[in-house]
Amino acid sequence: MMRLVNVTKTYKQGSRTVNAVRGVDLTVPSGEFLAIMGPSGSGKSTLLHLLGALDTPTTGDVIFQEHHLQKMTDRQRSLLRRTKIGFVFQFFNLLPTLKGVENVALPLLLAGTRRKTALEKARVSLDRVGMGHRADHFPEEMSGGEMQRIAIARALVTEPTAILCDEPTGNLDSKTSREILQLLRSLPEEGKCSLVMVTHDRKAAEYGDRLVFIQDGVIAHEEDLRGVGDHLIAASA
Amino acid sequence: MFPLFRALVLRYLWQRWDRGLLVALSISLGVATLVSAQMLNKCVELAAMDSTVPADVADLYITNGEIGVPWSLVEEVKKANIPGIKRAEPFIIERVMLPEINGRSGILFGTSLTDRTPSDEAAADKLKISFQLVNNPLALIGKPVALSRRLYEDRKKLGKADTDPVEVRYTNNVLKFNLIAVIDIPKDSPIAPFADSLVAMDVKQATVLLRHTDLPRAEDNDRVSRIDFFLEPGADVHRIMDTLQQIAGIRSTVRTPEENRKSTEEVIGGMKIVLNMCSLGSLIVGLFLVYNALSVTVAERRHDIGVMRSLGATRTQIASLFAIEAMTLGLIGAIPGIPLGVTLANFAIDQFGEEFASIFLNGDTARPMLDRRTAIFAIVAGMITSLLAALVPAMQAASDEPADAVRRAPSNTGGIMRWVHRLACVVLIVAGLFMVAYREHLATHQGSLFGMTFVLTGLFLAMPILVAWMARLLIPLCRVLLGVESRLAADNLLRAPGRTGVVIGALAAGVSLMFQTAGVGKSHEVPIRQWLRQVIQADAYVFWGNLASANSSMTPMDPKIADDIRKIEGVDRVVGLRFYRPEFRGTFVMVIGIDAADYRRALRLRMPEGLPKLEKFEELPTGNFVVVSENFAEKWKVKEGDTIAIPGPHGPIDFIIKGVGKDYTWSQGTIFIDRTVFSRVFEDRLVDAYHVFFKLDQDREATYERVRTYTDEHQLLVQNQASVQLYLVGVVDRLFRVAYLQQVVVGIVAALGVVTALLISVLQRRRELGLLRAVGATQLQIIKSVIAEAMLMGLLGTALGFAMGLPMEWYLLNVVLLEESGFRFDMLIPWEQALGIGAVAIVTSTLAGLIPAIHAVRLNITEAIAYE
Ligand SMILES: Nc1ncnc2c1ncn2[C@@H]1O[C@H](COP(=O)(O)OP(=O)(O)O)[C@@H](O)[C@H]1O
Ligand SMILES: [Mg+2]
C-alpha cells in the first residue's frame with residue numbers, strides 16, 4: 001500500500017518557483033491498477049517520482065507500506081527502490097551498453113546478487129514478458145515495443161510490491177500499445193503488487209481499476225473503472 | 001561490484017574508446033615525464049656520488065677535495081693508533097689511460113692490496129668483489145696490478161698474454177705493471193659502475209704513477225685521494241672524529257659518509273628540483289585534462305546514472321564505479337608511460353654523453369636505469385592523479401537527484417562549488433606569492449620554485465573565470481565582425497567557461513612554458529655566444545682525452561709541453577689552463593689557474609675592446625690575487641677588495657679579489673688565479689689545456705701544421721678555433737634541446753586537452769546543434785561553428801600563454817636562475833620563436849577542432865532533439 005498525505009512539491013528555477021504538486025492526498029491499495037491522467041505539465045511525473053522514492057516532497061508525507069520516505073536516508077531509499085519498486089519509463093531508459101538480459105539483471109547486480117543467478121532470474125523475467133528470444137540483443141537492435149517489454153521485465157525482476165509506469169505507451173504505435181497494456185494489466189492480478197500508470201490516453205487509462213485526474217498539481221476528480229475496460233481486455237485475449 | 005563494473009564501465013569505455021584513450025594518453029605523457037625525470041635524477045645522482053665518493057663503504061673519511069690528502073698524514077694517523085679504529089686505509093682514485101688497450105681510459109684504484117689481513121675481509125665483503133689469480137710468475141717480483149674482468153677480456157682479445165706487462169699512463173708518465181689477478185665485480189657491488197674500467201694496484205705504487213711535483217720535502221710529493229677508516233663495532237664515532245681532526249689540523253677534514261655526500265647533493269640539487277618540477281607540472285596539466293575528460297564521460301552517462309539510481313543504486317555505488325573507472329584508466333595510461341619515460345631519459349642522456357663522461361669518473365657507463373620503485377611510484381602516481389581528477393565528477397554524479405537525472409533536468413550542484421573554486425584560486429596564488437616574497441627564509445630553491453608552482457596552479461584553476469571575462473569582452477566584437485557561426489561559437493565559450501577554460505588553460509600553460517623556455521634560452525644564448533667569441537681567440541687548442549675532458553681536470557698534461565710548443569716557429573704565446581673544483585661554502589666552485597698576463601696580452605692584441613676586467617689579469621701573478629666571475633660575486637655576495645679562502649693542500653689559503661669579470665664557465669662561480677701562483681700554493685703544476693696564440697704576421701696555417709706535427713708525435717690532440725667554437729656552442733644548444741623536449745611534451749598534453757574539450761563541447765552542444773540542423777543549418781555551417789570555437793580557444797589560449805610567459809621568463813631569469821647560479825642576464829624576448837609557437841598552437845587547436853566537427857555533422861538530428 002502507498003499513501004500520499006497532503007503532499008506538495010516545489011521546484012526552484014533561479015528566481016522562479018514552480019509548484020508542481022500542491023497538496024495531494026492519495027492512497028493506492030495493494031493489488032490495485034491505478035491510472036493517472038492530466039494535461040502536460042500538470043505534475044503527473046512528479047507525483048510518480050514521489051511515490052517511487054525517486055524524489056522527496058517539499059511538505060507532506062509519503063508512506064510506502066509502513067515506511068515514511070522522507071525520514072529515510074538516501075541509501076535506505078535506494079535500497080527500497082532496489083527491492084520493492086519497479087519503474088517503467090516512456091523512453092524505456094535501457095542502458096545502451098548492456099544486452100537485454102543484462103539490463104534486466106541490473107537491479108539484482110546492484111544488490112550484489114551473483115552474476116549467474118542474476119542472469120538466470122533475468123531470463124525468467126524476460127520469458128514472462130515474452131522476450132526470451134531477444135535476451136542477447138542490444139537495445140538499439142530492438143523496436144520500441146520490445147524495448148518497453150525489456151523495461152517491464154527489468155521492473156519485475158526483483159518481484160516488487162509496486163510498479164510505476166510513466167507514459168509507458170507514449171512512444172509506441174497503437175497495436176504495440178495494446179499489447180503492452182495487456183501485459184501491464186496482467187501484473188497486479190498475479191502478485192500482490194500494485195501498479196500506477198501515468199498516461200495521456202483515455203483508452204490506455206481504461207485498462208486500470210481506478211482513474212485519477214490531475215490538474216495544476218491537485219487531484220481534479222476520480223473515476224472507478226472496474227468493469228469499464230473489460231471489453232478491451234477481452235478483445236485482445 | 002565487478003559484474004556491475006564490467007557491465008557499465010568496461011562496456012562504456014569499449015564503445016566510447018576515444019574518451020578513454022584521451023584520458024589514458026594524458027596520463028601516459030604525465031607519467032612519462034615523471035619517469036624520465038626520476039631516472040635522470042637518479043642517474044646523475046649516482047654518477048655524481050660514484051665520482052665524488054666512490055666505493056663508499058668506510059665508516060669515516062679524511063678528504064680534501066680534488067687536491068687530496070698528503071701521504072704524511074696517512075702515516076701520522078696510523079702511528080697515532082687511535083682506539084676504536086680497526087683499520088685506516090689510504091685510497092686513490094684517478095682517471096688513467098691504458099695505451100696497450102687501444103688507449104682507452106681506466107679508473108685507477110689505489111688501495112692497500114698487499115697488507116690485507118683476515119680482519120679486513122669485511123671491507124671486501126662490502127664491495128662484494130672477488131679476485132681470481134692469474135698464472136703470471138712475474139707478478140711475484142713486484143708491481144702487481146689487477147684488472148676488472150671486462151678490461152682483462154678486452155686486453156686478451158688484443159692478443160696480450162697474462163705475462164705481458166700492463167701499461168698505465170698518467171700525464172706523460174707511463175709505467176709498466178705485472179698482472180696478478182682479475183677482479184669480478186657483480187652488478188650489486190657499490191663499485192659496479194667501474195666494472196668496465198677498473199685498474200687496481202697498491203696505493204704506494206699508485207702514488208708513484210701519479211707523482212707530478214718535485215717539492216723539496218720528498219714526502220710532500222705523494223698524495224692520496226682520501227683516507228678510509230673502518231671502525232670497531234660500538235666505537236665512539238664523535239670522539240674518533242675529534243681526535244682525527246686534531247691530527248689533520250687544517251690540512252683536511254674528517255667526515256662521516258653522510259657529510260661527504262652532502263656537498264655533491266648541493267651541486268646537483270638545483271637540477272633535481274627543476275626536473276621534478278617539470279614532471280610535477282605535466283602531471284598537474286594531465287590532472288586537469290583527465291578531470292575534463294572524465295567530466296564528459298560522467299555528463300554523458302548522467303541519464304544512465306539516473307536510471308541506475310531509480311533501480312536502487314546507492315550513491316556510494318555510483319561514486320565508487322567512477323573512482324574505479326578512473327583508476328583503471330590511470331593504470332592503462334601509466335603502463336605505456338613507463339617505457340616512454342625510459343626512452344625520453346635515454347634521449348636526454350645521449351645528448352650529453354661526452355660532457356657526462358668528462359664531469360663524472362664513470363660518466364661513460366652511467367645509463368638511466370629504471371628500478372622497480374620508480375616504476376611502482378609512476379603507476380601509483382598515474383592512478384592517484386586520475387583518481388583525484390575523478391573526485392569532483394564522481395561526487396557530482398553521485399549527488400545528483402535521481403528524479404532530475406531521469407528527466408534530464410539541469411543539475412543543481414554547483415553553487416557552493418563555484419565559491420570553493422574561487423577560494424582555492426585565491427589561496428593558491430596568495431600562498432605562492434608569499435613563498436616567493438619570503439624565499440630568503442625558506443630552504444634554497446623552495447620558496448622560488450614552489451611559490452611559482454602555486455601561483456601557476458592557481459592561475460590555471462582560475463582559467464575558467466578568466467576565460468569568462470575574456471569571452472564577455474570578445475562577444476560584442478564577434479557580433480560586429482563575424483558571421484553567425486562564430487557568434488554561436490563565442491556564445492558557447494561564454495556559456496561554458498568551466499569546460500573551455502580547462503582547454504584554454506592547458507593551451508596557455510603549454511604556450512607560456514614554451515615561450516618562457518625560448519625566452520630564457522635566447523637570453524642565455526646571445527650573451528654566452530658573444531662571450532665565447534671573445535674568449536675563444538687562440539689559434540690552436542692542445543689537450544688530450546677529448547674536448548669535453550679538456551675543460552675539466554680529468555686528463556691533465558705535463559707542464560713541460562708548453563716550453564716545447566713555444567719553440568715551434570710562428571707560435572707567439574702559449575697559455576696553460578688548469579681546472580680545480582674545491583669545496584666552497586658547502587658546494588663546489590671552479591678555480592682556473594691560467595697564465596694570466598700572457599692571456600691578457602694575447603687577447604688584447606686580437607680584441608682591443610671588450611671584457612674590460614681582463615686588465616686585472618695583469619696583476620694576478622704578483623701575489624695571492626684572484627679575479628672572480630660576476631656570478632661568483634653575486635652568489636657569494638663578495639666584491640673587489642674582499643678576501644676569500646679556498647682549501648689548499650695544507651689548509652685554507654686566502655686570496656684577495658682584484659676584479660669581477662664576465663665568465664659563464666660554472667654555475668656556482670669561477671675564480672681565476674695566475675697559474676704560477678696556482679702551482680705554488682696548490683702544489684700542482686699540471687695543465688689541462690693549452691690555448692696557443694700564433695704570431696699574426698706569419699702564415700698561421702703553416703704554424704698550425706707544425707703544431708699538429710708536434711701533438712701527433714706526443715699523442716696529444718689539437719683543434720683550431722672554429723671547431724672549438726662549434727663544439728662549445730653545440731654544448732649550449734644541446735642543453736636547451738633537452739629543455740625544449742620537456743616543453744614539447746607539455747605541448748602535446750595541451751593539444752590533447754584541446755581535442756578532449758572540443759569533443760565535450762560538441763557532446764554538450766548536441767541538442768543545440770541538432771536544433772540548428774532541424775531549422776535548416778547546413779553541415780558546412782555546423783563544421784564552421786565547431787571549428788570557429790576551436791580557433792577562438794586557440795587564440796585565447798595563445799594570447800594568455802604569452803601574457804603569462806613574459807612574467808615567467810622574467811621571474812626565471814631574475815629570481816630562480818639568479819638565485820641558483822648568480823648569472824645575471826638581460827631579458828630578451830624570443831620574437832621569432834613566439835611567432836612559431838603561436839602559429840603551431842592556433843593551427844593545432846583548429847585542426848583538433850576537425851575531429852569533433854566531423855562528429856557533429858554525423859549527428860542524427862531526430863535523436864539529438866528527441867528527448868523531452
Ligand atoms: N527539475 C525540475 N525543475 C524545475 N521545474 C520542474 C522540474 N521538474 C518538473 N518541473 C515542472 O513541474 C511541473 C510539473 O512537471 P511534470 O511532473 O513533469 O508534469 P507532467 O509529467 O504532468 O507533464 C512542470 O511545470 C515542470 O516544468
Ligand atoms: Mg511527465
# chains A, B, ... in the order shown; residues from 1 in each chain; ligands from 1
>>> select_by_dssp(residues="chain A", states="strand (DSSP E or B)", output="JSON, numbers by chain")
{"A": [2, 3, 4, 5, 6, 7, 8, 9, 10, 11, 12, 13, 16, 17, 18, 19, 20, 21, 22, 23, 24, 25, 26, 27, 28, 33, 34, 35, 36, 37, 59, 60, 61, 62, 63, 64, 67, 68, 85, 86, 87, 88, 162, 163, 164, 165, 166, 194, 195, 196, 197, 198, 199, 210, 211, 212, 213, 214, 215, 218, 219, 220, 221, 222, 223, 224]}
>>> residues_around(residues="His200 in chain A", least_positions_apart="2", cutoff="7 Å", atoms="only C-alpha atoms", output="count of residues only")
3
>>> residues_near_ligand(ligand="ligand 2", cutoff="12 Å", atoms="only C-alpha atoms and all ligand atoms", output="PyMOL selection string")
(chain A and resi 20+36-49+89-91+165-168+170+197-200+214) or (chain B and resi 403+406-408+867-868)
>>> closest_residue(among="B:Gly836, B:Pro165, B:Pro402, B:Pro393", to="chain A", atoms="only C-alpha atoms")
B:Pro402
>>> interface_residues(of="chain A", to="chain B", cutoff="6 Å", atoms="only C-alpha atoms", output="PyMOL selection string")
chain A and resi 54-55+75+78-79+81-82+97+107+110
>>> decode(residues="range 553-570 of chain B", atoms="N, CA, C and O atoms", output="mmCIF file, in the first residue's frame")
data_model
loop_
_atom_site.group_PDB
_atom_site.id
_atom_site.type_symbol
_atom_site.label_atom_id
_atom_site.label_comp_id
_atom_site.auth_asym_id
_atom_site.auth_seq_id
_atom_site.Cartn_x
_atom_site.Cartn_y
_atom_site.Cartn_z
ATOM 1 N N SER B 553 89.469 18.720 -15.048
ATOM 2 C CA SER B 553 90.796 18.344 -14.577
ATOM 3 C C SER B 553 91.049 16.845 -14.732
ATOM 4 O O SER B 553 91.897 16.281 -14.084
ATOM 5 N N MET B 554 90.301 16.203 -15.632
ATOM 6 C CA MET B 554 90.363 14.749 -15.719
ATOM 7 C C MET B 554 91.576 14.245 -16.489
ATOM 8 O O MET B 554 92.064 13.164 -16.240
ATOM 9 N N THR B 555 91.991 14.988 -17.516
ATOM 10 C CA THR B 555 93.052 14.462 -18.375
ATOM 11 C C THR B 555 94.185 15.488 -18.474
ATOM 12 O O THR B 555 94.350 16.146 -19.497
ATOM 13 N N PRO B 556 94.947 15.637 -17.402
ATOM 14 C CA PRO B 556 95.978 16.681 -17.390
ATOM 15 C C PRO B 556 97.208 16.301 -18.229
ATOM 16 O O PRO B 556 97.409 15.137 -18.561
ATOM 17 N N MET B 557 98.008 17.349 -18.544
ATOM 18 C CA MET B 557 99.244 17.152 -19.304
ATOM 19 C C MET B 557 100.411 17.693 -18.498
ATOM 20 O O MET B 557 100.254 18.468 -17.564
ATOM 21 N N ASP B 558 101.574 17.298 -18.962
ATOM 22 C CA ASP B 558 102.792 17.761 -18.305
ATOM 23 C C ASP B 558 103.029 19.235 -18.646
ATOM 24 O O ASP B 558 102.833 19.652 -19.779
ATOM 25 N N PRO B 559 103.486 20.036 -17.680
ATOM 26 C CA PRO B 559 103.704 21.461 -17.963
ATOM 27 C C PRO B 559 104.862 21.712 -18.926
ATOM 28 O O PRO B 559 104.943 22.789 -19.507
ATOM 29 N N LYS B 560 105.722 20.722 -19.072
ATOM 30 C CA LYS B 560 106.895 20.943 -19.952
ATOM 31 C C LYS B 560 106.472 21.133 -21.404
ATOM 32 O O LYS B 560 107.185 21.732 -22.202
ATOM 33 N N ILE B 561 105.266 20.599 -21.755
ATOM 34 C CA ILE B 561 104.796 20.706 -23.134
ATOM 35 C C ILE B 561 104.771 22.165 -23.592
ATOM 36 O O ILE B 561 105.086 22.479 -24.740
ATOM 37 N N ALA B 562 104.454 23.056 -22.664
ATOM 38 C CA ALA B 562 104.375 24.477 -23.009
ATOM 39 C C ALA B 562 105.697 24.960 -23.601
ATOM 40 O O ALA B 562 105.706 25.675 -24.613
ATOM 41 N N ASP B 563 106.779 24.566 -22.978
ATOM 42 C CA ASP B 563 108.093 25.006 -23.472
ATOM 43 C C ASP B 563 108.326 24.507 -24.887
ATOM 44 O O ASP B 563 108.797 25.240 -25.752
ATOM 45 N N ASP B 564 107.947 23.235 -25.111
ATOM 46 C CA ASP B 564 108.129 22.672 -26.453
ATOM 47 C C ASP B 564 107.335 23.466 -27.488
ATOM 48 O O ASP B 564 107.855 23.810 -28.544
ATOM 49 N N ILE B 565 106.063 23.719 -27.168
ATOM 50 C CA ILE B 565 105.211 24.390 -28.160
ATOM 51 C C ILE B 565 105.705 25.800 -28.425
ATOM 52 O O ILE B 565 105.692 26.294 -29.553
ATOM 53 N N ARG B 566 106.155 26.437 -27.378
ATOM 54 C CA ARG B 566 106.638 27.811 -27.528
ATOM 55 C C ARG B 566 107.795 27.884 -28.521
ATOM 56 O O ARG B 566 107.976 28.885 -29.199
ATOM 57 N N LYS B 567 108.553 26.790 -28.619
ATOM 58 C CA LYS B 567 109.716 26.785 -29.525
ATOM 59 C C LYS B 567 109.302 26.616 -30.987
ATOM 60 O O LYS B 567 110.105 26.851 -31.892
ATOM 61 N N ILE B 568 108.056 26.181 -31.220
ATOM 62 C CA ILE B 568 107.624 25.957 -32.598
ATOM 63 C C ILE B 568 107.567 27.289 -33.336
ATOM 64 O O ILE B 568 107.075 28.286 -32.792
ATOM 65 N N GLU B 569 108.035 27.279 -34.565
ATOM 66 C CA GLU B 569 108.118 28.517 -35.340
ATOM 67 C C GLU B 569 106.727 29.082 -35.595
ATOM 68 O O GLU B 569 105.805 28.358 -35.969
ATOM 69 N N GLY B 570 106.554 30.371 -35.348
ATOM 70 C CA GLY B 570 105.268 31.022 -35.618
ATOM 71 C C GLY B 570 104.376 31.106 -34.394
ATOM 72 O O GLY B 570 103.344 31.771 -34.407
#
